[in-house]
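Novice: Encoded as structure tokens, here's the structure I'll be asking about.
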Amino acid sequence: MAYETIKYDVAEGILTITLNRPDKLNAFTGQMMFELIDAFDKADADDAVRAIIVTGEGRAFCAGADLSAGAKTFDYAARTDRPEKSASPVLPNGEIDWSHESVRDGGGRVTLRIFECLKPVIAAVNGPAVGIGVTMQLAMDIRLASEDAKFGFVFARRGIVPEACSSWFLPRIVGISQALEWTYTGRVFGAQEALDGKLVKKVYKADELLPAARALAREIADNTAPVSVALTRQMLWRLSAQDHPMEAHKIDSRAIYARGASADAKEGVMSFLEKRPATYPNKVSQDMPSFFPWWDERDYE
């Protein structure tokens, strides 16, 4: 896929995905949705990619959904630019088939793809991040922000509701009370409040943001086994929502058993004892353990 709304740059094991509609403050479109999903597909298939940074071109991260369609912006049935524009969820009797593909939220498709990613994902929030501009970040692992960043879960002020699976992600990240305050009011707030509310990990001066994100990505890329990181990412995201720690124990046990006999584990121990940098031989593309994935894929139905 030739990208028009994002940039895709890999350098020294770090992929930087840049939202690239600066004249529109990187507003989210259906095309951007497809390009982001494709970019994460491409990143997962490339063993040279060890970590991913997502940022925005120009002065914004992402100003939210592109509102150029006016009153029809969130009325999927009235839009002519939707990917499923030839399909309709309306049944002959006038009722709606709620499991129809054309009902699906585009932001949710992106966050679900990021959730499934096998590489660590760092958000470098360089400016305003509103609506989908902030909810797409919730499926990323670590959020770093510029002092210029602003955030807003503005959905109730637009007559809609939180999307992009944010009702699942946001309370897990910031707690239910903080999540409800931000989504009830829909107000835009600054980087310091985002830090205080645990939405972001740290705030930087504008010119220090990307170097800080790259340093964090570099630490991962230079010191860790890629298969171990891929497993760890899925273990923490998927198992934290289980109803009993036994579910985590099952997967921990299988993962330790499989990884303990791997060439990576041998290299990790010997490089430590020999006081030298490790060179991990196993690859995400071909060396994930046989029990992976341990979950059943969820369909939209």
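Naming scheme: A, B, ... for chains in displayed order of the structure tokens; residues 1 onward per chain; ligands 1 onward as shown.
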Could you produce a table of the residues of region 157-237 of chain A lying within 10 Å of region 246-265 of chain A, with the nearest pair of atoms per residue and their separation in Å rounded to one decimal, using only C-alpha atoms, ordered by chain and increasing residue number, as CSV?

Specialist:
```
residue,atom,partner,partner_atom,distance
A:Thr224,CA,A:Asp264,CA,9.5
A:Ala225,CA,A:Asp264,CA,6.7
A:Pro226,CA,A:Asp264,CA,9.2
A:Val227,CA,A:Asp264,CA,8.5
A:Ser228,CA,A:Arg259,CA,7.6
A:Leu231,CA,A:Ala255,CA,7.8
A:Thr232,CA,A:Ala255,CA,9.2
A:Met235,CA,A:Ile251,CA,7.6
A:Leu236,CA,A:Ala248,CA,8.9
```

Novice: List the spatial neighbours of region 32-45 of chain A as number ranges by chain - criterion: any atom at most 10 Å away, only C-alpha atoms, same-chain residues fewer than 6 positions off excluded.

Specialist: A: 1-8, 10, 14-15, 17-21, 26, 51-52, 83, 106-114, 116-119, 230, 284-286

Novice: Would you mind exporting N, CA and C atoms of the selected residues as a tab-separated table (two decimals), in the first residue's frame?

Specialist:
```tsv
chain	number	residue	atom	x	y	z
A	1	MET	N	0.84	-1.19	0.00
A	1	MET	CA	0.00	0.00	0.00
A	1	MET	C	0.88	1.25	0.00
A	2	ALA	N	0.61	2.17	-0.91
A	2	ALA	CA	1.30	3.45	-0.93
A	2	ALA	C	0.58	4.40	0.03
A	3	TYR	N	1.30	4.90	1.01
A	3	TYR	CA	0.66	5.72	2.05
A	3	TYR	C	0.56	7.18	1.63
A	4	GLU	N	-0.59	7.76	1.88
A	4	GLU	CA	-0.84	9.17	1.59
A	4	GLU	C	-1.13	9.97	2.84
A	5	THR	N	-1.59	9.32	3.91
A	5	THR	CA	-1.96	10.05	5.13
A	5	THR	C	-1.02	9.78	6.30
A	6	ILE	N	-0.06	8.87	6.11
A	6	ILE	CA	0.93	8.59	7.15
A	6	ILE	C	2.30	8.46	6.49
A	7	LYS	N	3.34	8.59	7.31
A	7	LYS	CA	4.70	8.26	6.89
A	7	LYS	C	5.15	7.02	7.64
A	8	TYR	N	5.94	6.19	6.97
A	8	TYR	CA	6.41	4.93	7.55
A	8	TYR	C	7.93	4.89	7.35
A	10	VAL	N	11.63	3.31	8.90
A	10	VAL	CA	12.36	2.39	9.77
A	10	VAL	C	13.83	2.77	9.76
A	14	ILE	N	13.93	0.81	14.66
A	14	ILE	CA	12.81	1.58	15.20
A	14	ILE	C	11.96	2.10	14.05
A	15	LEU	N	10.69	1.75	14.07
A	15	LEU	CA	9.73	2.26	13.09
A	15	LEU	C	9.06	3.51	13.65
A	17	ILE	N	5.93	5.87	12.79
A	17	ILE	CA	4.72	6.11	12.01
A	17	ILE	C	4.29	7.54	12.33
A	18	THR	N	4.24	8.39	11.30
A	18	THR	CA	3.87	9.79	11.49
A	18	THR	C	2.55	10.06	10.80
A	19	LEU	N	1.55	10.49	11.56
A	19	LEU	CA	0.28	10.91	10.97
A	19	LEU	C	0.57	12.16	10.13
A	20	ASN	N	0.18	12.14	8.86
A	20	ASN	CA	0.73	13.12	7.94
A	20	ASN	C	-0.34	13.84	7.11
A	21	ARG	N	-1.19	14.58	7.80
A	21	ARG	CA	-2.11	15.53	7.16
A	21	ARG	C	-1.97	16.86	7.91
A	26	ASN	N	-3.75	16.67	11.01
A	26	ASN	CA	-3.69	15.20	11.00
A	26	ASN	C	-5.03	14.56	11.36
A	51	ALA	N	10.67	-1.85	17.67
A	51	ALA	CA	9.79	-0.98	18.45
A	51	ALA	C	9.17	0.04	17.50
A	52	ILE	N	8.01	0.56	17.89
A	52	ILE	CA	7.25	1.49	17.05
A	52	ILE	C	6.97	2.77	17.82
A	83	PRO	N	-15.91	2.77	3.62
A	83	PRO	CA	-15.40	1.63	2.86
A	83	PRO	C	-16.49	0.65	2.46
A	106	GLY	N	-14.57	2.88	12.87
A	106	GLY	CA	-13.24	2.85	12.26
A	106	GLY	C	-12.12	2.99	13.27
A	107	GLY	N	-12.31	3.83	14.28
A	107	GLY	CA	-11.29	3.98	15.31
A	107	GLY	C	-11.06	2.68	16.06
A	108	GLY	N	-12.13	1.94	16.31
A	108	GLY	CA	-12.01	0.66	16.98
A	108	GLY	C	-11.24	-0.36	16.16
A	109	ARG	N	-11.40	-0.29	14.86
A	109	ARG	CA	-10.61	-1.20	14.01
A	109	ARG	C	-9.12	-0.94	14.18
A	110	VAL	N	-8.76	0.35	14.31
A	110	VAL	CA	-7.34	0.70	14.49
A	110	VAL	C	-6.85	0.25	15.85
A	111	THR	N	-7.59	0.56	16.92
A	111	THR	CA	-7.10	0.20	18.25
A	111	THR	C	-7.05	-1.31	18.45
A	112	LEU	N	-7.98	-2.03	17.84
A	112	LEU	CA	-7.92	-3.49	17.93
A	112	LEU	C	-6.67	-4.02	17.22
A	113	ARG	N	-6.30	-3.40	16.11
A	113	ARG	CA	-5.08	-3.84	15.41
A	113	ARG	C	-3.84	-3.52	16.24
A	114	ILE	N	-3.82	-2.36	16.88
A	114	ILE	CA	-2.69	-2.02	17.74
A	114	ILE	C	-2.63	-2.97	18.93
A	116	GLU	N	-3.41	-6.00	19.02
A	116	GLU	CA	-2.89	-7.29	18.57
A	116	GLU	C	-1.42	-7.23	18.16
A	117	CYS	N	-0.82	-6.06	18.16
A	117	CYS	CA	0.55	-5.89	17.68
A	117	CYS	C	1.54	-6.70	18.52
A	118	LEU	N	2.60	-7.17	17.88
A	118	LEU	CA	3.64	-7.96	18.56
A	118	LEU	C	4.89	-7.14	18.87
A	119	LYS	N	4.85	-5.86	18.59
A	119	LYS	CA	5.97	-4.97	18.87
A	119	LYS	C	5.53	-3.89	19.86
A	230	ALA	N	7.36	-9.74	22.45
A	230	ALA	CA	6.07	-9.99	21.80
A	230	ALA	C	5.13	-10.75	22.74
A	284	VAL	N	10.40	-13.18	15.77
A	284	VAL	CA	8.96	-13.16	15.97
A	284	VAL	C	8.24	-13.84	14.81
A	285	SER	N	8.75	-13.67	13.61
A	285	SER	CA	8.08	-14.20	12.42
A	285	SER	C	8.05	-15.72	12.37
A	286	GLN	N	8.96	-16.41	13.09
A	286	GLN	CA	9.03	-17.86	12.95
A	286	GLN	C	9.25	-18.64	14.25
```

Novice: Residues of region 134-258 of chain A in alpha helix (DSSP H) according to DSSP, as a CSV table (one decimal) with N, CA, C and O atoms, in the first residue's frame?

Specialist:
```
chain,number,residue,atom,x,y,z
A,134,VAL,N,-6.9,11.0,20.6
A,134,VAL,CA,-6.4,10.5,22.0
A,134,VAL,C,-6.8,9.0,22.2
A,134,VAL,O,-6.0,8.2,22.7
A,135,THR,N,-8.0,8.6,21.7
A,135,THR,CA,-8.4,7.2,21.9
A,135,THR,C,-7.5,6.2,21.2
A,135,THR,O,-7.3,5.1,21.7
A,166,SER,N,-12.4,2.7,23.6
A,166,SER,CA,-11.9,3.5,24.8
A,166,SER,C,-12.6,3.2,26.1
A,166,SER,O,-12.1,3.4,27.2
A,167,SER,N,-13.9,2.7,26.0
A,167,SER,CA,-14.6,2.4,27.2
A,167,SER,C,-13.9,1.2,27.9
A,167,SER,O,-14.1,0.9,29.1
A,168,TRP,N,-13.1,0.4,27.2
A,168,TRP,CA,-12.4,-0.7,27.7
A,168,TRP,C,-11.0,-0.3,28.2
A,168,TRP,O,-10.5,-0.6,29.3
A,169,PHE,N,-10.3,0.5,27.3
A,169,PHE,CA,-8.9,0.9,27.6
A,169,PHE,C,-8.8,2.0,28.7
A,169,PHE,O,-8.0,1.9,29.6
A,170,LEU,N,-9.6,3.1,28.6
A,170,LEU,CA,-9.4,4.2,29.4
A,170,LEU,C,-9.5,4.0,30.9
A,170,LEU,O,-8.6,4.4,31.7
A,171,PRO,N,-10.6,3.3,31.4
A,171,PRO,CA,-10.6,3.0,32.8
A,171,PRO,C,-9.5,2.2,33.3
A,171,PRO,O,-9.0,2.3,34.5
A,172,ARG,N,-8.9,1.3,32.5
A,172,ARG,CA,-7.8,0.5,32.9
A,172,ARG,C,-6.5,1.3,33.1
A,172,ARG,O,-5.7,0.9,33.8
A,173,ILE,N,-6.4,2.4,32.3
A,173,ILE,CA,-5.2,3.2,32.3
A,173,ILE,C,-5.3,4.2,33.4
A,173,ILE,O,-4.3,4.4,34.2
A,174,VAL,N,-6.4,4.9,33.6
A,174,VAL,CA,-6.5,6.1,34.5
A,174,VAL,C,-7.5,5.9,35.6
A,174,VAL,O,-7.5,6.7,36.5
A,176,ILE,N,-11.6,4.5,36.9
A,176,ILE,CA,-12.9,4.7,36.4
A,176,ILE,C,-13.4,6.2,36.7
A,176,ILE,O,-14.0,6.8,35.8
A,177,SER,N,-13.0,6.7,37.8
A,177,SER,CA,-13.5,8.1,38.2
A,177,SER,C,-12.9,9.1,37.2
A,177,SER,O,-13.6,10.0,36.7
A,178,GLN,N,-11.6,9.0,37.0
A,178,GLN,CA,-10.9,10.0,36.1
A,178,GLN,C,-11.5,9.8,34.7
A,178,GLN,O,-11.7,10.8,34.0
A,179,ALA,N,-11.7,8.6,34.2
A,179,ALA,CA,-12.2,8.3,32.9
A,179,ALA,C,-13.6,8.9,32.7
A,179,ALA,O,-13.9,9.6,31.7
A,180,LEU,N,-14.4,8.8,33.8
A,180,LEU,CA,-15.8,9.3,33.7
A,180,LEU,C,-15.7,10.8,33.7
A,180,LEU,O,-16.5,11.5,32.9
A,181,GLU,N,-14.9,11.5,34.5
A,181,GLU,CA,-14.8,12.9,34.5
A,181,GLU,C,-14.5,13.5,33.1
A,181,GLU,O,-15.1,14.4,32.6
A,182,TRP,N,-13.4,12.9,32.5
A,182,TRP,CA,-13.0,13.4,31.2
A,182,TRP,C,-14.0,13.2,30.1
A,182,TRP,O,-14.2,14.0,29.3
A,183,THR,N,-14.7,12.0,30.2
A,183,THR,CA,-15.7,11.7,29.1
A,183,THR,C,-17.0,12.4,29.4
A,183,THR,O,-17.7,12.8,28.4
A,184,TYR,N,-17.4,12.6,30.6
A,184,TYR,CA,-18.6,13.3,30.9
A,184,TYR,C,-18.5,14.8,30.5
A,184,TYR,O,-19.4,15.3,29.8
A,185,THR,N,-17.4,15.4,30.8
A,185,THR,CA,-17.3,16.9,30.5
A,185,THR,C,-16.9,17.1,29.1
A,185,THR,O,-17.3,18.1,28.5
A,191,ALA,N,-1.1,19.0,29.0
A,191,ALA,CA,-0.2,17.9,29.3
A,191,ALA,C,0.0,17.6,30.8
A,191,ALA,O,0.1,16.4,31.2
A,192,GLN,N,0.0,18.6,31.6
A,192,GLN,CA,0.2,18.4,33.0
A,192,GLN,C,-0.9,17.7,33.6
A,192,GLN,O,-0.7,16.8,34.4
A,193,GLU,N,-2.2,18.0,33.3
A,193,GLU,CA,-3.3,17.3,33.8
A,193,GLU,C,-3.3,15.8,33.3
A,193,GLU,O,-3.6,14.9,34.0
A,194,ALA,N,-2.9,15.6,32.0
A,194,ALA,CA,-2.7,14.2,31.5
A,194,ALA,C,-1.7,13.5,32.3
A,194,ALA,O,-1.9,12.3,32.6
A,195,LEU,N,-0.6,14.1,32.7
A,195,LEU,CA,0.4,13.5,33.5
A,195,LEU,C,-0.2,13.1,34.9
A,195,LEU,O,0.0,12.0,35.4
A,196,ASP,N,-0.8,14.1,35.5
A,196,ASP,CA,-1.4,13.9,36.8
A,196,ASP,C,-2.4,12.8,36.9
A,196,ASP,O,-2.5,12.1,37.8
A,209,LEU,N,11.0,15.7,22.9
A,209,LEU,CA,10.0,14.6,22.9
A,209,LEU,C,10.4,13.4,22.0
A,209,LEU,O,10.5,12.3,22.5
A,210,LEU,N,10.7,13.6,20.8
A,210,LEU,CA,11.1,12.5,19.9
A,210,LEU,C,12.4,11.9,20.3
A,210,LEU,O,12.5,10.6,20.3
A,211,PRO,N,13.4,12.7,20.7
A,211,PRO,CA,14.6,12.0,21.2
A,211,PRO,C,14.3,11.1,22.4
A,211,PRO,O,14.9,10.0,22.6
A,212,ALA,N,13.4,11.5,23.3
A,212,ALA,CA,13.1,10.7,24.5
A,212,ALA,C,12.4,9.4,24.0
A,212,ALA,O,12.7,8.3,24.6
A,213,ALA,N,11.5,9.5,23.1
A,213,ALA,CA,10.8,8.4,22.6
A,213,ALA,C,11.8,7.4,21.9
A,213,ALA,O,11.7,6.2,22.1
A,214,ARG,N,12.7,8.0,21.1
A,214,ARG,CA,13.7,7.1,20.5
A,214,ARG,C,14.6,6.4,21.5
A,214,ARG,O,15.0,5.3,21.3
A,215,ALA,N,15.0,7.2,22.5
A,215,ALA,CA,15.9,6.6,23.6
A,215,ALA,C,15.2,5.4,24.2
A,215,ALA,O,15.8,4.4,24.5
A,216,LEU,N,13.9,5.5,24.5
A,216,LEU,CA,13.1,4.4,25.1
A,216,LEU,C,13.0,3.3,24.1
A,216,LEU,O,13.3,2.1,24.5
A,217,ALA,N,12.7,3.5,22.9
A,217,ALA,CA,12.7,2.5,21.9
A,217,ALA,C,14.0,1.8,21.7
A,217,ALA,O,14.1,0.6,21.5
A,218,ARG,N,15.1,2.6,21.7
A,218,ARG,CA,16.4,2.1,21.6
A,218,ARG,C,16.8,1.2,22.7
A,218,ARG,O,17.4,0.1,22.5
A,219,GLU,N,16.4,1.5,23.9
A,219,GLU,CA,16.7,0.6,25.1
A,219,GLU,C,16.0,-0.7,24.9
A,219,GLU,O,16.6,-1.8,25.2
A,220,ILE,N,14.8,-0.8,24.4
A,220,ILE,CA,14.1,-2.0,24.1
A,220,ILE,C,14.8,-2.8,23.0
A,220,ILE,O,15.1,-4.0,23.2
A,221,ALA,N,15.1,-2.1,21.9
A,221,ALA,CA,15.7,-2.8,20.7
A,221,ALA,C,17.1,-3.3,21.0
A,221,ALA,O,17.4,-4.4,20.5
A,222,ASP,N,17.8,-2.6,21.9
A,222,ASP,CA,19.2,-3.0,22.1
A,222,ASP,C,19.4,-4.1,23.1
A,222,ASP,O,20.5,-4.7,23.2
A,223,ASN,N,18.4,-4.3,24.0
A,223,ASN,CA,18.7,-5.1,25.2
A,223,ASN,C,17.7,-6.3,25.4
A,223,ASN,O,18.0,-7.1,26.3
A,226,PRO,N,13.3,-10.2,21.1
A,226,PRO,CA,12.0,-9.8,20.4
A,226,PRO,C,10.9,-10.8,20.7
A,226,PRO,O,9.7,-10.3,20.8
A,227,VAL,N,11.1,-12.1,20.7
A,227,VAL,CA,10.0,-13.0,21.0
A,227,VAL,C,9.5,-12.8,22.4
A,227,VAL,O,8.3,-12.9,22.7
A,228,SER,N,10.4,-12.6,23.4
A,228,SER,CA,10.0,-12.4,24.7
A,228,SER,C,9.2,-11.1,24.9
A,228,SER,O,8.2,-11.1,25.6
A,229,VAL,N,9.6,-10.1,24.1
A,229,VAL,CA,8.8,-8.8,24.2
A,229,VAL,C,7.4,-9.0,23.6
A,229,VAL,O,6.4,-8.5,24.1
A,230,ALA,N,7.4,-9.7,22.4
A,230,ALA,CA,6.1,-10.0,21.8
A,230,ALA,C,5.1,-10.8,22.7
A,230,ALA,O,3.9,-10.4,22.9
A,231,LEU,N,5.7,-11.8,23.4
A,231,LEU,CA,4.8,-12.5,24.4
A,231,LEU,C,4.4,-11.7,25.5
A,231,LEU,O,3.3,-11.7,26.0
A,232,THR,N,5.4,-10.9,26.1
A,232,THR,CA,5.1,-10.1,27.2
A,232,THR,C,4.0,-9.1,26.9
A,232,THR,O,3.1,-8.9,27.7
A,233,ARG,N,4.0,-8.5,25.7
A,233,ARG,CA,3.0,-7.5,25.4
A,233,ARG,C,1.6,-8.1,25.4
A,233,ARG,O,0.7,-7.6,26.0
A,234,GLN,N,1.5,-9.3,24.8
A,234,GLN,CA,0.2,-9.9,24.7
A,234,GLN,C,-0.2,-10.5,26.1
A,234,GLN,O,-1.4,-10.4,26.5
A,235,MET,N,0.7,-10.9,26.9
A,235,MET,CA,0.4,-11.5,28.2
A,235,MET,C,-0.2,-10.4,29.1
A,235,MET,O,-1.2,-10.5,29.7
A,236,LEU,N,0.5,-9.2,29.1
A,236,LEU,CA,0.0,-8.2,30.0
A,236,LEU,C,-1.3,-7.5,29.6
A,236,LEU,O,-2.2,-7.3,30.4
A,237,TRP,N,-1.4,-7.3,28.3
A,237,TRP,CA,-2.7,-6.7,27.8
A,237,TRP,C,-3.9,-7.7,28.0
A,237,TRP,O,-4.9,-7.3,28.4
A,238,ARG,N,-3.7,-8.9,27.6
A,238,ARG,CA,-4.8,-9.9,27.6
A,238,ARG,C,-5.1,-10.5,29.0
A,238,ARG,O,-6.3,-10.7,29.3
A,239,LEU,N,-4.1,-10.7,29.8
A,239,LEU,CA,-4.3,-11.4,31.1
A,239,LEU,C,-4.8,-10.5,32.2
A,239,LEU,O,-5.3,-10.9,33.2
A,245,PRO,N,-6.1,-15.0,38.8
A,245,PRO,CA,-4.7,-15.1,38.5
A,245,PRO,C,-4.3,-16.5,37.9
A,245,PRO,O,-3.3,-16.6,37.3
A,246,MET,N,-5.1,-17.5,38.2
A,246,MET,CA,-4.8,-18.8,37.6
A,246,MET,C,-4.7,-18.7,36.1
A,246,MET,O,-3.9,-19.5,35.5
A,247,GLU,N,-5.5,-17.9,35.5
A,247,GLU,CA,-5.5,-17.7,34.0
A,247,GLU,C,-4.1,-17.2,33.6
A,247,GLU,O,-3.5,-17.6,32.5
A,248,ALA,N,-3.5,-16.3,34.3
A,248,ALA,CA,-2.2,-15.8,34.1
A,248,ALA,C,-1.2,-16.9,34.3
A,248,ALA,O,-0.2,-17.0,33.6
A,249,HIS,N,-1.4,-17.6,35.4
A,249,HIS,CA,-0.4,-18.7,35.8
A,249,HIS,C,-0.3,-19.7,34.7
A,249,HIS,O,0.8,-20.2,34.4
A,250,LYS,N,-1.4,-20.1,34.0
A,250,LYS,CA,-1.4,-21.0,32.9
A,250,LYS,C,-0.5,-20.6,31.8
A,250,LYS,O,0.4,-21.3,31.3
A,251,ILE,N,-0.6,-19.3,31.4
A,251,ILE,CA,0.2,-18.8,30.3
A,251,ILE,C,1.6,-18.5,30.7
A,251,ILE,O,2.5,-18.8,30.0
A,252,ASP,N,1.8,-17.9,31.9
A,252,ASP,CA,3.1,-17.7,32.4
A,252,ASP,C,3.9,-19.0,32.4
A,252,ASP,O,5.1,-19.1,31.9
A,253,SER,N,3.3,-20.1,32.9
A,253,SER,CA,4.0,-21.4,32.9
A,253,SER,C,4.4,-21.9,31.6
A,253,SER,O,5.5,-22.4,31.4
A,254,ARG,N,3.4,-21.8,30.6
A,254,ARG,CA,3.8,-22.3,29.3
A,254,ARG,C,4.9,-21.4,28.6
A,254,ARG,O,5.7,-21.9,28.0
A,255,ALA,N,4.8,-20.1,28.9
A,255,ALA,CA,5.8,-19.2,28.3
A,255,ALA,C,7.1,-19.4,28.8
A,255,ALA,O,8.2,-19.5,28.1
A,256,ILE,N,7.2,-19.6,30.2
A,256,ILE,CA,8.5,-19.8,30.8
A,256,ILE,C,9.1,-21.1,30.3
A,256,ILE,O,10.3,-21.3,30.1
A,257,TYR,N,8.2,-22.2,30.3
A,257,TYR,CA,8.7,-23.5,29.8
A,257,TYR,C,9.3,-23.4,28.4
A,257,TYR,O,10.4,-23.9,28.1
A,258,ALA,N,8.5,-22.8,27.5
A,258,ALA,CA,8.9,-22.7,26.1
A,258,ALA,C,10.2,-21.8,26.0
A,258,ALA,O,11.2,-22.2,25.3
```

Novice: Give the strand (DSSP E) residues of region 65-229 of chain A, as assigned by DSSP on the backbone, as a count of residues only.

Specialist: 22

Novice: Which residues are close to Val203 (chain A), i.e. within 7 Å by only C-alpha atoms, leaving aside same-chain residues fewer than 2 positions away? Reply as a PyMOL selection string.

Specialist: chain A and resi 144-147+191

Novice: Determine the nearest neighbour of Ser68 (chain A) from the options A:Ala87, A:Thr29, A:Arg187, A:Arg276, counting only C-alpha atoms.

Specialist: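 Result for the nearest residue to Ser68 (chain A): A:Thr29.
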
Novice: Which neighbours of Trp98 (chain A) fall inside 12 Å, counting only C-alpha atoms, when residues of the same chain fewer than 6 positions from it are skipped, and could you give them as a list in words?

Specialist: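 Once the nearby chain positions are removed, what remains is Ser88, Pro89, Val90, Leu91, Arg104, Asp105, Tyr300 and Glu301 of chain A.
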